[in-house]
file upload-v4.txt (compact mmCIF, C-alpha atoms)
# COMPACT_ATOMS: atom_id res chain seq x y z
CA LYS F 173 -11.94 -75.96 -18.31
CA SER F 174 -13.88 -79.03 -19.38
CA MET F 175 -12.75 -81.62 -21.89
CA SER F 176 -14.64 -84.71 -22.97
CA SER F 177 -13.06 -88.13 -22.47
CA GLY F 178 -13.29 -88.80 -26.19
CA SER F 179 -10.97 -85.96 -27.15
CA SER F 180 -7.36 -86.21 -28.31
CA ALA F 181 -4.90 -88.40 -26.42
CA VAL F 182 -2.95 -87.00 -23.50
CA ASP F 183 0.45 -88.11 -22.28
CA VAL F 184 -0.12 -87.39 -18.57
CA VAL F 185 -3.25 -87.52 -16.41
CA LEU F 186 -3.13 -86.14 -12.87
CA VAL F 187 -5.65 -86.97 -10.15
CA GLY F 188 -6.59 -84.53 -7.41
CA VAL F 189 -8.56 -85.75 -4.39
CA ASP F 190 -10.36 -83.51 -1.90
CA GLY F 191 -11.47 -85.19 1.31
CA GLY F 192 -14.04 -82.77 2.69
CA THR F 193 -16.45 -82.77 5.61
CA GLU F 194 -19.45 -84.15 3.71
CA SER F 195 -17.83 -86.15 0.91
CA ILE F 196 -14.67 -86.97 -1.00
CA ARG F 197 -14.15 -85.63 -4.53
CA VAL F 198 -11.95 -87.00 -7.30
CA MET F 199 -10.93 -85.00 -10.36
CA CYS F 200 -8.78 -86.13 -13.29
CA THR F 201 -7.03 -83.48 -15.36
CA THR F 202 -4.36 -82.99 -17.96
CA ARG F 203 -1.14 -81.32 -16.87
CA GLN F 204 -2.57 -78.09 -18.34
CA GLY F 205 -5.57 -78.32 -16.00
CA HIS F 206 -8.26 -79.45 -18.44
CA VAL F 207 -10.82 -81.54 -16.60
CA LEU F 208 -11.30 -85.03 -17.99
CA ALA F 209 -13.52 -86.56 -15.33
CA ALA F 210 -14.87 -85.91 -11.83
CA ALA F 211 -16.88 -87.83 -9.26
CA SER F 212 -17.73 -87.73 -5.57
CA ALA F 213 -18.98 -90.01 -2.83
CA PRO F 214 -20.48 -89.03 0.55
CA TYR F 215 -19.87 -90.31 4.07
CA ALA F 216 -21.66 -89.80 7.36
CA THR F 217 -20.85 -87.66 10.40
CA SER F 218 -22.13 -88.56 13.85
CA TYR F 219 -22.68 -86.12 16.73
CA PRO F 220 -22.75 -88.29 19.90
CA TYR F 221 -22.91 -85.30 22.28
CA PRO F 222 -23.14 -81.51 21.91
CA GLY F 223 -19.88 -80.20 20.45
CA TRP F 224 -18.69 -83.65 19.38
CA ALA F 225 -18.30 -84.70 15.73
CA GLU F 226 -16.97 -88.07 14.55
CA GLN F 227 -16.44 -89.99 11.32
CA GLN F 228 -15.35 -93.54 10.53
CA PRO F 229 -11.90 -93.53 8.85
CA ASP F 230 -12.69 -96.64 6.80
CA SER F 231 -15.64 -94.78 5.28
CA TRP F 232 -13.22 -92.23 3.80
CA TYR F 233 -11.23 -94.90 2.00
CA SER F 234 -14.35 -96.72 0.79
CA ALA F 235 -15.73 -93.44 -0.56
CA LEU F 236 -12.40 -92.65 -2.23
CA CYS F 237 -12.38 -96.00 -4.02
CA LEU F 238 -16.00 -95.56 -5.12
CA ALA F 239 -15.49 -92.03 -6.44
CA PHE F 240 -12.20 -92.98 -8.10
CA LYS F 241 -13.80 -95.86 -9.99
CA GLN F 242 -16.71 -93.65 -11.03
CA ALA F 243 -14.29 -91.08 -12.43
CA MET F 244 -12.35 -93.78 -14.28
CA GLN F 245 -15.52 -94.74 -16.15
CA ALA F 246 -15.44 -91.37 -17.90
CA LEU F 247 -11.85 -91.88 -19.13
CA THR F 248 -10.61 -93.77 -22.14
CA LEU F 249 -8.30 -96.72 -21.57
CA ASP F 250 -5.37 -94.65 -22.84
CA GLN F 251 -6.20 -91.92 -20.33
CA VAL F 252 -6.39 -94.41 -17.45
CA ASN F 253 -2.98 -95.73 -18.46
CA ALA F 254 -1.66 -92.15 -18.57
CA ILE F 255 -2.37 -91.54 -14.85
CA LYS F 256 1.01 -90.62 -13.34
CA ALA F 257 0.33 -88.98 -9.99
CA ILE F 258 -2.27 -88.50 -7.28
CA CYS F 259 -2.41 -85.80 -4.61
CA ILE F 260 -4.86 -85.68 -1.70
CA ASP F 261 -5.95 -82.86 0.56
CA THR F 262 -8.28 -83.46 3.50
CA THR F 263 -10.03 -81.80 6.40
CA CYS F 264 -7.72 -80.78 9.24
CA CYS F 265 -7.32 -81.37 12.13
CA SER F 266 -9.26 -84.66 11.96
CA VAL F 267 -7.51 -86.98 14.40
CA VAL F 268 -7.19 -90.70 13.66
CA THR F 269 -6.13 -93.45 16.07
CA LEU F 270 -4.82 -96.73 14.59
CA ASP F 271 -3.62 -99.89 16.32
CA ALA F 272 -0.46 -101.82 15.48
CA SER F 273 -2.29 -103.48 12.56
CA GLN F 274 -3.17 -100.03 11.21
CA GLU F 275 -6.87 -100.52 11.97
CA PRO F 276 -8.94 -97.70 13.54
CA VAL F 277 -9.22 -97.95 17.33
CA ARG F 278 -12.11 -95.47 17.59
CA PRO F 279 -13.98 -93.08 15.30
CA CYS F 280 -12.05 -90.02 14.14
CA LEU F 281 -12.34 -86.79 16.12
CA LEU F 282 -13.42 -84.62 13.21
CA TRP F 283 -11.86 -81.18 12.74
CA MET F 284 -15.00 -79.48 14.11
CA ASP F 285 -15.05 -81.64 17.27
CA MET F 286 -14.91 -79.33 20.30
CA ARG F 287 -14.84 -81.78 23.23
CA SER F 288 -11.30 -80.77 24.25
CA GLY F 289 -12.50 -77.18 24.74
CA VAL F 290 -14.03 -77.99 28.12
CA GLU F 291 -10.65 -78.14 29.90
CA HIS F 292 -7.81 -79.36 27.71
CA THR F 293 -7.32 -76.21 25.64
CA GLU F 294 -6.85 -74.31 28.90
CA LYS F 295 -4.28 -76.86 30.07
CA VAL F 296 -2.36 -76.28 26.84
CA LEU F 297 -2.51 -72.50 27.25
CA GLN F 298 -1.32 -72.64 30.86
CA THR F 299 2.03 -74.08 29.77
CA ASN F 300 2.97 -70.68 28.29
CA ASP F 301 5.13 -72.62 25.85
CA VAL F 302 6.86 -70.81 23.00
CA ALA F 303 4.98 -72.99 20.50
CA LEU F 304 1.79 -71.11 21.43
CA ARG F 305 3.00 -67.95 19.71
CA VAL F 306 0.69 -68.92 16.80
CA ASN F 307 -2.33 -68.55 19.12
CA SER F 308 -2.80 -64.77 19.27
CA GLY F 309 0.89 -64.19 19.92
CA GLY F 310 0.89 -66.62 22.86
CA SER F 311 -2.03 -65.03 24.73
CA GLY F 312 -4.49 -67.63 23.44
CA PRO F 313 -7.06 -69.03 23.59
CA VAL F 314 -5.96 -72.32 22.02
CA SER F 315 -8.45 -73.78 19.57
CA ALA F 316 -10.12 -77.09 20.42
CA GLU F 317 -9.90 -77.93 16.72
CA TRP F 318 -6.13 -78.52 16.95
CA MET F 319 -4.07 -81.66 17.42
CA VAL F 320 -2.50 -81.26 20.86
CA PRO F 321 -5.71 -80.64 22.87
CA LYS F 322 -7.44 -83.47 21.02
CA ALA F 323 -4.57 -85.88 21.68
CA LEU F 324 -4.54 -84.81 25.33
CA TRP F 325 -8.29 -85.46 25.60
CA ILE F 326 -7.86 -88.99 24.23
CA LYS F 327 -5.01 -89.78 26.60
CA GLU F 328 -6.78 -88.48 29.70
CA ASN F 329 -10.34 -89.62 28.92
CA GLU F 330 -9.83 -92.84 26.97
CA PRO F 331 -6.70 -94.51 28.40
CA SER F 332 -7.57 -97.82 26.75
CA THR F 333 -7.77 -96.12 23.35
CA TRP F 334 -4.46 -94.41 24.04
CA SER F 335 -2.68 -97.63 24.98
CA GLN F 336 -3.99 -99.41 21.87
CA THR F 337 -2.99 -96.56 19.56
CA ALA F 338 0.25 -97.16 17.70
CA TYR F 339 -0.42 -94.50 15.04
CA LEU F 340 -1.99 -91.13 15.78
CA GLY F 341 -2.34 -88.71 12.91
CA GLU F 342 -4.74 -87.06 10.50
CA TYR F 343 -7.25 -87.98 7.82
CA GLN F 344 -4.47 -86.98 5.40
CA ASP F 345 -1.97 -89.40 6.94
CA PHE F 346 -4.51 -92.26 7.04
CA ILE F 347 -5.37 -92.01 3.34
CA ASN F 348 -1.72 -91.76 2.30
CA LEU F 349 -0.97 -94.78 4.51
CA LYS F 350 -3.73 -96.79 2.82
CA LEU F 351 -2.43 -95.82 -0.61
CA THR F 352 1.34 -96.12 -0.12
CA GLY F 353 2.00 -97.96 3.13
CA LYS F 354 4.00 -94.89 4.27
CA TRP F 355 3.27 -93.05 7.57
CA ILE F 356 4.42 -89.53 6.64
CA ALA F 357 2.83 -86.26 7.74
CA SER F 358 2.41 -83.05 5.76
CA THR F 359 4.40 -80.06 7.02
CA ASN F 360 1.34 -77.98 6.16
CA ASN F 361 -0.83 -79.89 8.64
CA THR F 362 1.83 -80.09 11.34
CA THR F 363 2.66 -76.38 11.13
CA VAL F 364 -0.89 -75.02 11.11
CA ARG F 365 -2.58 -77.46 13.53
CA TRP F 366 0.05 -79.47 15.47
CA HIS F 367 2.18 -76.60 16.88
CA TRP F 368 5.23 -77.91 14.97
CA THR F 369 7.93 -75.49 13.85
CA ARG F 370 10.18 -76.08 10.83
CA GLY F 371 9.26 -79.74 10.72
CA ASN F 372 9.94 -80.37 14.42
CA PRO F 373 7.38 -81.34 17.10
CA PRO F 374 6.83 -79.05 20.13
CA LEU F 375 8.78 -81.19 22.62
CA SER F 376 8.76 -78.69 25.50
CA LEU F 377 5.00 -78.21 25.17
CA LEU F 378 4.42 -81.96 25.16
CA LYS F 379 6.68 -82.43 28.18
CA ALA F 380 4.74 -79.82 30.14
CA LEU F 381 1.51 -81.70 29.38
CA ASN F 382 2.90 -85.17 30.11
CA LEU F 383 2.15 -85.92 26.47
CA GLU F 384 5.65 -86.82 25.29
CA ASP F 385 4.57 -90.34 24.30
CA VAL F 386 2.48 -88.92 21.46
CA VAL F 387 5.70 -88.41 19.50
CA GLU F 388 6.05 -92.20 19.22
CA LYS F 389 2.57 -92.35 17.66
CA TRP F 390 2.89 -89.37 15.31
CA PRO F 391 4.61 -89.80 11.94
CA ALA F 392 8.37 -89.62 12.39
CA GLU F 393 8.72 -87.71 9.12
CA ALA F 394 6.90 -84.70 7.68
CA ILE F 395 7.33 -83.49 4.09
CA ALA F 396 6.06 -80.43 2.26
CA PRO F 397 3.08 -80.44 -0.12
CA GLY F 398 4.15 -81.62 -3.55
CA GLU F 399 6.93 -83.88 -2.31
CA VAL F 400 6.65 -87.61 -2.99
CA VAL F 401 5.10 -89.78 -0.28
CA GLY F 402 5.51 -93.00 -2.27
CA ASN F 403 3.96 -95.07 -5.04
CA LEU F 404 0.56 -96.73 -4.97
CA THR F 405 0.86 -100.24 -3.54
CA LYS F 406 -0.48 -103.29 -5.36
CA GLY F 407 -3.34 -103.37 -2.88
CA ALA F 408 -4.23 -99.74 -3.52
CA LEU F 409 -4.07 -100.26 -7.30
CA HIS F 410 -6.56 -103.10 -6.89
CA ASP F 411 -8.85 -101.07 -4.61
CA LEU F 412 -8.89 -98.15 -7.06
CA GLY F 413 -9.48 -100.35 -10.10
CA LEU F 414 -6.15 -99.53 -11.71
CA PRO F 415 -3.81 -101.84 -13.65
CA GLN F 416 -1.50 -103.84 -11.40
CA ASP F 417 1.57 -102.85 -13.43
CA ALA F 418 0.87 -99.12 -13.09
CA GLU F 419 3.51 -96.94 -11.46
CA ILE F 420 1.68 -93.99 -9.92
CA VAL F 421 3.19 -91.48 -7.52
CA VAL F 422 1.33 -90.13 -4.50
CA ALA F 423 2.37 -86.53 -3.84
CA GLN F 424 1.94 -84.98 -0.40
CA GLY F 425 -1.06 -82.74 0.11
CA GLY F 426 -2.26 -80.91 3.19
CA ALA F 427 -5.18 -79.16 4.84
CA ASP F 428 -7.95 -78.64 2.30
CA ALA F 429 -8.38 -74.88 2.74
CA PHE F 430 -4.65 -74.20 2.68
CA ILE F 431 -4.12 -76.29 -0.45
CA GLY F 432 -6.91 -74.19 -1.93
CA MET F 433 -4.53 -71.24 -1.70
CA VAL F 434 -2.36 -72.94 -4.31
CA GLY F 435 -5.33 -73.37 -6.63
CA LEU F 436 -6.19 -69.68 -6.19
CA ASN F 437 -2.55 -68.67 -6.73
CA VAL F 438 -2.49 -66.87 -3.37
CA LEU F 439 1.22 -67.30 -2.70
CA ARG F 440 2.69 -63.80 -2.39
CA PRO F 441 2.86 -61.49 0.64
CA GLY F 442 -0.17 -59.21 0.87
CA GLU F 443 -2.54 -61.63 -0.86
CA LEU F 444 -5.52 -63.21 0.91
CA ALA F 445 -7.74 -66.17 0.09
CA LEU F 446 -11.35 -66.48 1.26
CA ILE F 447 -12.10 -70.19 1.45
CA THR F 448 -15.73 -71.24 1.85
CA GLY F 449 -17.08 -74.68 2.67
CA SER F 450 -18.29 -76.30 5.87
CA SER F 451 -16.26 -73.57 7.58
CA HIS F 452 -14.84 -70.22 6.46
CA LEU F 453 -11.16 -69.32 6.43
CA HIS F 454 -9.40 -66.06 5.65
CA LEU F 455 -5.83 -67.07 4.76
CA GLY F 456 -3.30 -64.32 4.16
CA VAL F 457 0.31 -64.55 3.02
CA THR F 458 2.77 -62.53 5.05
CA ASP F 459 6.42 -61.71 4.47
CA SER F 460 7.32 -62.80 8.00
CA GLY F 461 6.87 -65.91 10.11
CA THR F 462 6.62 -63.89 13.33
CA SER F 463 3.54 -63.81 15.56
CA SER F 464 0.60 -61.88 14.16
CA GLY F 465 -1.10 -60.66 17.35
CA GLU F 466 -4.40 -60.92 19.17
CA GLY F 467 -7.42 -62.53 17.54
CA VAL F 468 -5.48 -64.14 14.69
CA PHE F 469 -3.84 -67.55 14.21
CA GLY F 470 -0.26 -67.52 12.93
CA ALA F 471 1.90 -66.48 11.47
CA TYR F 472 2.67 -70.04 10.47
CA GLU F 473 6.30 -70.00 9.40
CA ASP F 474 6.57 -71.92 6.10
CA GLY F 475 2.96 -72.87 6.82
CA LEU F 476 1.86 -73.62 3.28
CA MET F 477 5.22 -74.54 1.82
CA PRO F 478 8.81 -73.39 2.31
CA GLY F 479 8.93 -69.60 2.13
CA VAL F 480 5.14 -69.11 2.23
CA HIS F 481 4.11 -67.85 5.69
CA VAL F 482 0.39 -67.71 6.49
CA VAL F 483 -1.91 -65.89 8.92
CA GLU F 484 -5.44 -67.16 9.55
CA GLY F 485 -8.87 -66.02 10.62
CA GLY F 486 -12.28 -67.52 10.10
CA GLN F 487 -15.30 -69.26 11.54
CA THR F 488 -15.92 -72.92 12.37
CA SER F 489 -19.55 -73.33 11.29
CA THR F 490 -20.78 -71.74 8.08
CA GLY F 491 -21.63 -74.12 5.26
CA SER F 492 -22.14 -76.86 7.84
CA VAL F 493 -24.99 -74.80 9.33
CA VAL F 494 -26.71 -74.67 5.93
CA ALA F 495 -26.16 -78.42 5.50
CA TRP F 496 -27.71 -79.01 8.92
CA TYR F 497 -30.74 -76.90 8.01
CA ARG F 498 -31.20 -78.76 4.73
CA ARG F 499 -31.08 -82.11 6.53
CA LEU F 500 -33.63 -80.76 9.02
CA LEU F 501 -36.04 -79.98 6.17
CA GLY F 502 -35.44 -83.27 4.39
CA ASP F 503 -33.17 -84.45 1.59
CA GLY F 504 -35.75 -83.54 -1.03
CA VAL F 505 -35.03 -79.83 -0.60
CA SER F 506 -32.26 -78.55 -2.86
CA TYR F 507 -29.75 -75.83 -2.04
CA ASP F 508 -31.03 -73.89 -5.06
CA VAL F 509 -34.52 -73.76 -3.55
CA LEU F 510 -33.12 -72.70 -0.16
CA ASN F 511 -31.10 -69.93 -1.83
CA GLU F 512 -34.12 -68.63 -3.72
CA GLU F 513 -36.32 -68.59 -0.62
CA ALA F 514 -33.62 -66.95 1.51
CA ALA F 515 -33.10 -64.21 -1.08
CA ALA F 516 -36.79 -63.35 -0.97
CA ILE F 517 -36.86 -62.37 2.72
CA PRO F 518 -34.94 -59.65 4.57
CA ILE F 519 -32.15 -60.46 7.01
CA GLY F 520 -33.46 -60.66 10.57
CA CYS F 521 -37.10 -60.84 9.54
CA ASP F 522 -39.55 -61.64 12.36
CA GLY F 523 -36.78 -60.71 14.77
CA LEU F 524 -34.90 -63.97 14.16
CA VAL F 525 -31.11 -63.89 13.82
CA CYS F 526 -29.03 -67.07 13.57
CA GLN F 527 -25.52 -66.99 15.02
CA GLU F 528 -23.05 -69.31 13.32
CA HIS F 529 -21.63 -70.63 16.62
CA PHE F 530 -22.91 -74.17 16.08
CA GLN F 531 -19.53 -75.78 16.91
CA GLY F 532 -17.88 -72.98 18.86
CA ASN F 533 -16.15 -69.89 17.50
CA ARG F 534 -12.80 -69.69 15.73
CA THR F 535 -11.54 -66.08 15.48
CA PRO F 536 -11.25 -63.40 16.69
CA HIS F 537 -12.96 -64.76 19.83
CA THR F 538 -11.76 -68.36 20.06
CA ASP F 539 -14.30 -70.19 22.21
CA ALA F 540 -15.16 -73.87 21.84
CA LEU F 541 -18.23 -73.50 24.06
CA SER F 542 -19.85 -70.42 22.50

call {"tool": "encode", "arguments": {"input": "upload-v4.txt", "output": "structure tokens"}}
result
Amino acid sequence: KSMSSGSSAVDVVLVGVDGGTESIRVMCTTRQGHVLAAASAPYATSYPYPGWAEQQPDSWYSALCLAFKQAMQALTLDQVNAIKAICIDTTCCSVVTLDASQEPVRPCLLWMDMRSGVEHTEKVLQTNDVALRVNSGGSGPVSAEWMVPKALWIKENEPSTWSQTAYLGEYQDFINLKLTGKWIASTNNTTVRWHWTRGNPPLSLLKALNLEDVVEKWPAEAIAPGEVVGNLTKGALHDLGLPQDAEIVVAQGGADAFIGMVGLNVLRPGELALITGSSHLHLGVTDSGTSSGEGVFGAYEDGLMPGVHVVEGGQTSTGSVVAWYRRLLGDGVSYDVLNEEAAAIPIGCDGLVCQEHFQGNRTPHTDALS
């Protein structure tokens, strides 16, 4: 529901932030969910080689600050002063490497990056570790989108990057670190993309891969979505254009699509959310955290939050294919025009069919090279 900034005073303003593939979005609402202001800011993705996708972590934070300030312009001073909490969700698994000064060592391996699918996903699968039960009941394949194969690729292919990296985490962790100074993971991310179980890292899997040293780089603590990460630091208050005496809590978020389940109120066994964006996800709630079988990811025990177990299917490239096609035609072409023209022609006309395997395939046939 919309609500103009000039309307009656509110006692609490909440800020939701969505760090997506193409841009970051900021929305300010009342505690009842009335929208007071919204803004977004884009950032670039680079594709150095086929199957690779990278972004600059600092561009995320710059875009957040820009969008946040733009949203603040639509608020009254009283509403700005009423901001009490911020929560961020981001793409996942987008792997960030930071040095001891918390500066990026290399560009982020974006969630859709498939470089580890050449050999490292197979190395992970060959361990036959119990943690792999979430990959088709242990039979695999393991997705190149996930944390462990990406971390293994960095260690084996970029040893200098690995030795410089003091912090290895996600987009989510990086933004929360910039805002609070705290290096704390989300149990949602770690459960659905890091092969963690009940807040614990997969130590036997890491040992089998000679990857045990990643534990020293990962956040030592993981908390559930909604729990408090910390307060905005003075530096973050300055960067966001907020009063220096403000006391604003940062609540833990998680993977963008999974947090979308909360917004859709898909929280009970038997319910399913269809999440559309750069990729597609089918996220179902199950009454059990046991393995779900071939062609499906999960079940992720307590994957969304304690007591909410999730199974997953979907496809890596969907909206991102449309975005690619629009860029190919030029920025002057709108999505509305593309939709109108697409609706006017039959599917498969002139014998042309486009497969969505632009960055591999997710489920039921997990294949980074398809």

call {"tool": "residues_near_point", "arguments": {"input": "upload-v4.txt", "point": "(-19.4, -78.7, 19.7)", "cutoff": "7 Å", "atoms": "only C-alpha atoms", "output": "PyMOL selection string"}}
result
chain F and resi 222-224+285-287+530-532+540-541

call {"tool": "axis_aligned_box", "arguments": {"input": "upload-v4.txt", "around": "region 374-380 of chain F", "padding_each_side": "8 Å", "output": "AutoDock Vina command-line options"}}
result
--center_x 6.6 --center_y -80.3 --center_z 25.1 --size_x 20.4 --size_y 20.2 --size_z 26.0

call {"tool": "atom_distance", "arguments": {"input": "upload-v4.txt", "atom1": "CA of Ile258 (chain F)", "atom2": "CA of Leu409 (chain F)"}}
result
11.9 Å

call {"tool": "closest_residue", "arguments": {"input": "upload-v4.txt", "among": "F:Asn382, F:Ser288, F:Ser218, F:Gln245", "to": "Gly413 (chain F)", "atoms": "only C-alpha atoms"}}
result
F:Gln245

call {"tool": "residues_around", "arguments": {"input": "upload-v4.txt", "residues": "Leu238 (chain F)", "least_positions_apart": "5", "cutoff": "12 Å", "atoms": "only C-alpha atoms", "output": "PyMOL selection string"}}
result
chain F and resi 195-198+210-215+231-233+243-245+411-413

call {"tool": "atom_distance", "arguments": {"input": "upload-v4.txt", "atom1": "CA of Gly188 (chain F)", "atom2": "CA of Cys259 (chain F)"}}
result
5.2 Å

call {"tool": "atom_distance", "arguments": {"input": "upload-v4.txt", "atom1": "CA of Arg278 (chain F)", "atom2": "CA of Thr299 (chain F)"}}
result
28.4 Å

call {"tool": "closest_residue", "arguments": {"input": "upload-v4.txt", "among": "F:Ile517, F:Leu510, F:Leu340, F:Ala429", "to": "Ala495 (chain F)", "atoms": "all atoms listed in the file"}}
result
F:Leu510

call {"tool": "residues_around", "arguments": {"input": "upload-v4.txt", "residues": "Ser492 (chain F)", "least_positions_apart": "5", "cutoff": "8 Å", "atoms": "all atoms listed in the file", "output": "NGL selection string"}}
result
:F and (449-451)

call {"tool": "closest_residue", "arguments": {"input": "upload-v4.txt", "among": "F:Glu275, F:Glu513, F:Asp301, F:Glu399", "to": "Tyr339 (chain F)", "atoms": "only C-alpha atoms"}}
result
F:Glu275

call {"tool": "closest_residue", "arguments": {"input": "upload-v4.txt", "among": "F:Ile420, F:Ala392, F:Ala338, F:Ile347", "to": "Lys256 (chain F)", "atoms": "only C-alpha atoms"}}
result
F:Ile420

call {"tool": "closest_residue", "arguments": {"input": "upload-v4.txt", "among": "F:Leu455, F:Val185, F:Leu501, F:Cys200", "to": "Ala254 (chain F)", "atoms": "only C-alpha atoms"}}
result
F:Val185

call {"tool": "closest_residue", "arguments": {"input": "upload-v4.txt", "among": "F:Asp345, F:Glu294, F:Glu328, F:Glu466", "to": "Ile395 (chain F)", "atoms": "only C-alpha atoms"}}
result
F:Asp345

call {"tool": "residues_around", "arguments": {"input": "upload-v4.txt", "residues": "Leu439 (chain F)", "least_positions_apart": "3", "cutoff": "9 Å", "atoms": "all atoms listed in the file", "output": "list in words"}}
result
Met433, Val434, Leu436, Gly442, Glu443, Leu444, Gly456, Val457, Leu476, Val480 and His481 of chain F

call {"tool": "residues_around", "arguments": {"input": "upload-v4.txt", "residues": "Leu404 (chain F)", "least_positions_apart": "5", "cutoff": "8 Å", "atoms": "only C-alpha atoms", "output": "list in words"}}
result
Leu351, Thr352, Leu409, Glu419, Ile420, Val421 and Val422 of chain F

call {"tool": "residues_around", "arguments": {"input": "upload-v4.txt", "residues": "Asn361 (chain F)", "least_positions_apart": "4", "cutoff": "7 Å", "atoms": "all atoms listed in the file", "output": "CSV table (one decimal) with C-alpha atoms, keeping the file's coordinate frame"}}
result
chain,number,residue,atom,x,y,z
F,264,CYS,CA,-7.7,-80.8,9.2
F,365,ARG,CA,-2.6,-77.5,13.5
F,366,TRP,CA,0.0,-79.5,15.5
F,426,GLY,CA,-2.3,-80.9,3.2
F,427,ALA,CA,-5.2,-79.2,4.8
